Amino acid sequence: AVVSTQSTGVGGFGNVVGEAKPDWIVDKNNIALLGGSHSGYMVACLIGKLNSPFKYKVCVMRNPVTDISTMVSITDIPDWCWVETANFKDEHNYNPYLVTIRNEQQLVNMYKVSPISTISNVTTPTLVMLGAEDRRVPPSQGLSFYNGLREHGVKTKLLWYPKDNHS
């Protein structure tokens with residue numbers, strides 16, 4: 001079974017990524033996860049969950065968001081980082097390009113909902129695909145996750161596309 005989490009225009013507002021419903025799965029012993037960008041974030045969250053009812057066979061992620069606390073200052077969409085972590089107060093007067101980190105707790109909140117915070121739980125073999133010219137989700141996101149997986153002994157492979165961007 002392949003669980004593809006590709007979504008378009010999703011704002012999670014800090015919600016934890018949900019699990020696939022067990023009755024959707026044909027073969028619970030052979031589940032592959034696939035996602036890119038925001039969905040790369042979602043599959044990275046799933047493979048780091050300790051109490052998941054599923055054991056994933058493999059995970060494939062393209063240009064994944066893995067650490068929102070470091071991405072917020074280097075992406076062309078800082079508003080996504082704020083919305084995803086619910087780090088703003090008044091959404092009606094919100095200008096994502098004028099928002100700055102005001103305190104350490106905001107960075108801590110961003111880190112806590114990032115897949116990098118649960119990387120020590122990951123055992124799923126993972127393929128990471130990165131576009132070197134991606135400004136939306138800079139390749140440093142996927143590189144740090146890839147290196148973290150290797151440090152924890154997880155079977156992983158990196159595919160680097162030197163002339164590719166986010167698409």
# chains A, B, ... in the order shown; residues from 1 in each chain; ligands from 1
>>> residues_around(residues="Thr70 in chain A", least_positions_apart="5", cutoff="12 Å", atoms="only C-alpha atoms", output="compact mmCIF listing (two decimals) with N, CA, C and O atoms, in the first residue's frame")
# COMPACT_ATOMS: atom_id res chain seq x y z
N VAL A 65 10.04 19.85 4.54
CA VAL A 65 10.24 20.75 5.68
C VAL A 65 10.55 19.85 6.86
O VAL A 65 9.76 18.97 7.19
N THR A 75 13.30 31.01 4.22
CA THR A 75 12.37 30.63 3.17
C THR A 75 11.73 31.86 2.52
O THR A 75 11.72 32.94 3.10
N PRO A 78 7.80 32.67 4.81
CA PRO A 78 7.84 32.61 6.27
C PRO A 78 6.44 32.53 6.89
O PRO A 78 6.29 31.99 7.99
N CYS A 81 5.46 29.06 7.96
CA CYS A 81 6.07 28.65 9.24
C CYS A 81 5.24 29.14 10.42
O CYS A 81 5.02 28.41 11.39
N ILE A 101 10.82 37.00 14.87
CA ILE A 101 10.83 36.18 16.07
C ILE A 101 11.00 37.13 17.25
O ILE A 101 11.95 37.89 17.32
N GLN A 106 8.91 31.10 20.86
CA GLN A 106 8.40 30.91 19.50
C GLN A 106 9.25 29.91 18.72
O GLN A 106 8.73 29.04 18.02
N LEU A 107 10.57 30.03 18.85
CA LEU A 107 11.46 29.07 18.18
C LEU A 107 11.31 27.68 18.77
O LEU A 107 11.32 26.69 18.05
N VAL A 108 11.14 27.60 20.08
CA VAL A 108 10.94 26.31 20.74
C VAL A 108 9.66 25.65 20.22
O VAL A 108 9.64 24.46 19.90
N ASN A 109 8.58 26.43 20.10
CA ASN A 109 7.32 25.89 19.58
C ASN A 109 7.50 25.37 18.15
O ASN A 109 6.96 24.32 17.79
N MET A 110 8.23 26.12 17.33
CA MET A 110 8.47 25.70 15.95
C MET A 110 9.26 24.39 15.91
O MET A 110 8.96 23.49 15.13
N TYR A 111 10.25 24.28 16.78
CA TYR A 111 11.07 23.07 16.82
C TYR A 111 10.25 21.86 17.27
O TYR A 111 10.36 20.78 16.71
N SER A 114 8.36 20.10 14.61
CA SER A 114 9.19 19.76 13.45
C SER A 114 9.65 18.31 13.50
O SER A 114 9.98 17.80 14.57
N ILE A 116 12.41 17.03 12.81
CA ILE A 116 13.77 16.87 13.33
C ILE A 116 13.76 16.60 14.84
O ILE A 116 14.66 15.95 15.36
N VAL A 137 11.61 25.65 0.21
CA VAL A 137 12.09 24.79 1.28
C VAL A 137 13.57 24.55 0.98
O VAL A 137 13.92 23.64 0.22
N PRO A 138 14.42 25.39 1.53
CA PRO A 138 15.85 25.31 1.22
C PRO A 138 16.40 23.90 1.47
O PRO A 138 15.97 23.21 2.40
N PRO A 139 17.34 23.46 0.62
CA PRO A 139 17.86 22.10 0.73
C PRO A 139 18.49 21.78 2.09
O PRO A 139 18.61 20.62 2.45
N SER A 140 18.87 22.79 2.83
CA SER A 140 19.42 22.54 4.17
C SER A 140 18.43 21.79 5.04
O SER A 140 18.83 21.03 5.93
N GLN A 141 17.13 21.95 4.78
CA GLN A 141 16.11 21.22 5.53
C GLN A 141 16.27 19.71 5.34
O GLN A 141 16.36 18.96 6.30
N GLY A 142 16.28 19.28 4.11
CA GLY A 142 16.41 17.86 3.82
C GLY A 142 17.79 17.31 4.15
O GLY A 142 17.92 16.17 4.61
N SER A 144 19.82 18.26 6.59
CA SER A 144 19.96 18.04 8.03
C SER A 144 19.20 16.78 8.45
O SER A 144 19.66 16.01 9.31
>>> select_by_dssp(residues="range 120-166 of chain A", states="helix (DSSP H, G or I)", output="VMD selection string")
chain A and resid 120 to 121 139 to 151
>>> atom_distance(atom1="CA of Asp67 in chain A", atom2="CA of Asn29 in chain A")
29.0 Å
>>> atom_distance(atom1="CA of Tyr41 in chain A", atom2="CA of Asp27 in chain A")
23.7 Å
>>> residues_around(residues="range 145-162 of chain A", least_positions_apart="4", cutoff="6 Å", atoms="only C-alpha atoms", output="PyMOL selection string")
chain A and resi 123+125-132
>>> atom_distance(atom1="CA of Thr85 in chain A", atom2="CA of Gln105 in chain A")
11.6 Å
>>> closest_residue(among="A:His166, A:Lys112, A:Arg136, A:Lys28", to="Pro53 in chain A", atoms="only C-alpha atoms")
A:Lys28
